[in-house]
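One structure is given here, and the rest of the page talks about it.
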Amino acid sequence: MTVNVSKNGFRFCRWTIAAILWLSFFLRIKWFLFLNLIILLAGAVLKVRRSPLVVIYGKTLGKWFPSSRSEELDEEGIAFAQGLGALIHIILILFVYAIDERIGWRIVFVIAVVKTAGALGYCTGLQIYKFLFQRKRISP
């Protein structure tokens, strides 16, 4: 199902998640990983229209810089991508806190790069969703 969401609100959501990851990496702030986990889980459960960062944008910056531009999004695909992001953050947290912190921070760097690519418009999680669930079946 496709839904229309504020283009700037969705952009704010993508860039905020990436910025929190980069800040966590450069400043070695472990609890920022939990913050992203909570944001991503809430977005996966509540769907993109009620995602915390989209709502926060609409109630703050969206009022100061109003825009009527909206973006048509695949609601299930975005929920899948945010759920996948939450799962990846659980793995990051396990590495940083319990398994091997040095390896954990290296993985945080890689995920921050991938998330930045997503913020620029290429959402890896959404591409995985499309590959798994929206492929055209070739009949024999």
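Chain labels A, B, ... are given in the sequence in which chains occur in the structure tokens; within each chain residues are numbered consecutively from 1, and ligands are likewise numbered from 1 in the order shown.
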What are the closest atom pairs, with distances in Å to one decimal, for each residue of stretch 110-140 of chain A lying within 9 Å of stretch 73-97 of chain A, using only C-alpha atoms, rows by chain and rising residue number, as CSV?
residue,atom,partner,partner_atom,distance
A:Ile111,CA,A:Ile88,CA,8.4
A:Cys123,CA,A:Ala81,CA,7.8
A:Thr124,CA,A:Ala81,CA,7.7
A:Gly125,CA,A:Ala81,CA,4.1
A:Leu126,CA,A:Ala81,CA,5.3
A:Gln127,CA,A:Gly77,CA,8.5
A:Ile128,CA,A:Ala81,CA,8.0
A:Tyr129,CA,A:Gly77,CA,5.8
A:Lys130,CA,A:Gly77,CA,7.3
Kindly assemble as JSON lines a list of the stretch 45-75 of chain A residues that lie within 12 Å of stretch 16-31 of chain A, each paired with its nearest atom pair and their distance in Å to one decimal, using only C-alpha atoms, sorted first by chain and then by ascending residue number.
{"residue": "A:Pro52", "atom": "CA", "partner": "A:Thr16", "partner_atom": "CA", "distance": 11.2}
{"residue": "A:Leu53", "atom": "CA", "partner": "A:Thr16", "partner_atom": "CA", "distance": 8.0}
{"residue": "A:Val54", "atom": "CA", "partner": "A:Thr16", "partner_atom": "CA", "distance": 10.4}
{"residue": "A:Ile56", "atom": "CA", "partner": "A:Thr16", "partner_atom": "CA", "distance": 11.3}
{"residue": "A:Tyr57", "atom": "CA", "partner": "A:Thr16", "partner_atom": "CA", "distance": 10.6}
Prev. selection, N, CA and C atoms, output as a short mmCIF file (atom, residue, chain, number, x, y, z; two decimals), in the first residue's frame:
data_model
loop_
_atom_site.label_atom_id
_atom_site.label_comp_id
_atom_site.auth_asym_id
_atom_site.auth_seq_id
_atom_site.Cartn_x
_atom_site.Cartn_y
_atom_site.Cartn_z
N PRO A 52 8.05 8.48 14.48
CA PRO A 52 8.36 9.57 15.42
C PRO A 52 9.03 10.78 14.77
N LEU A 53 10.00 10.57 13.91
CA LEU A 53 10.71 11.70 13.33
C LEU A 53 9.86 12.45 12.31
N VAL A 54 9.00 11.75 11.59
CA VAL A 54 8.10 12.43 10.64
C VAL A 54 7.10 13.28 11.43
N ILE A 56 7.54 14.49 14.55
CA ILE A 56 8.29 15.59 15.17
C ILE A 56 8.55 16.69 14.15
N TYR A 57 8.93 16.30 12.95
CA TYR A 57 9.16 17.30 11.91
C TYR A 57 7.88 18.09 11.63
#
DSSP-assigned alpha helix (DSSP H) among chain A, expressed as a PyMOL selection string: chain A and resi 7-27+31-46+52-59+61-64+75-94+101-119+124-133
Pick from A:Leu37, A:Gln134, A:Phe109, A:Arg11 nearest to A:Glu71, counting only C-alpha atoms: A:Arg11
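When DSSP reads the backbone of this structure, the residues of chain A it assigns to strand (DSSP E) are Thr2, Val3, Asn4, Val5, Ser6, Ser70, Glu71, Glu72, Leu73 and Asp74 of chain A.
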Give me a file of those residues, with N, CA and C atoms, as a tab-separated table (two decimals), in the first residue's frame.
chain	number	residue	atom	x	y	z
A	2	THR	N	0.58	2.16	-0.87
A	2	THR	CA	1.35	3.40	-0.91
A	2	THR	C	0.65	4.49	-0.11
A	3	VAL	N	1.45	5.34	0.51
A	3	VAL	CA	0.93	6.45	1.30
A	3	VAL	C	1.71	7.71	0.92
A	4	ASN	N	1.08	8.85	1.12
A	4	ASN	CA	1.75	10.13	0.89
A	4	ASN	C	2.21	10.69	2.22
A	5	VAL	N	3.47	11.06	2.27
A	5	VAL	CA	4.10	11.60	3.47
A	5	VAL	C	4.82	12.88	3.08
A	6	SER	N	4.91	13.80	4.01
A	6	SER	CA	5.65	15.03	3.76
A	6	SER	C	7.06	14.69	3.28
A	70	SER	N	4.72	16.34	-1.16
A	70	SER	CA	4.65	15.04	-0.48
A	70	SER	C	5.35	13.99	-1.34
A	71	GLU	N	5.63	12.89	-0.69
A	71	GLU	CA	6.32	11.79	-1.36
A	71	GLU	C	5.46	10.55	-1.21
A	72	GLU	N	5.28	9.83	-2.31
A	72	GLU	CA	4.52	8.59	-2.28
A	72	GLU	C	5.46	7.45	-1.91
A	73	LEU	N	5.13	6.76	-0.82
A	73	LEU	CA	6.00	5.71	-0.30
A	73	LEU	C	5.26	4.39	-0.17
A	74	ASP	N	6.00	3.31	-0.29
A	74	ASP	CA	5.47	1.97	-0.05
A	74	ASP	C	5.49	1.75	1.47
Test item: residues at most 7 Å from A:Ala42, only C-alpha atoms, excluding those fewer than 3 positions along its chain, as a PyMOL selection string: chain A and resi 38-39+45-46+51-52
Pick from A:Val113, A:Arg102, A:Phe34, A:Asn8, whichever lies nearest to A:Thr60 using only C-alpha atoms: A:Asn8
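Between A:Ser67 and the candidates A:Leu40, A:Lys7, A:Phe32, A:Ile103, the tightest atom-to-atom separation, counting only C-alpha atoms, involves A:Lys7.
Comparing the minimum interatomic distances between A:Thr116 and each of A:Ala98, A:Cys13, A:Ala44, A:Met1, counting only C-alpha atoms, we find that A:Cys13 sits nearest.
Atom CA of A:Ala119 is positioned 20.8 Å from atom CA of A:Pro66.
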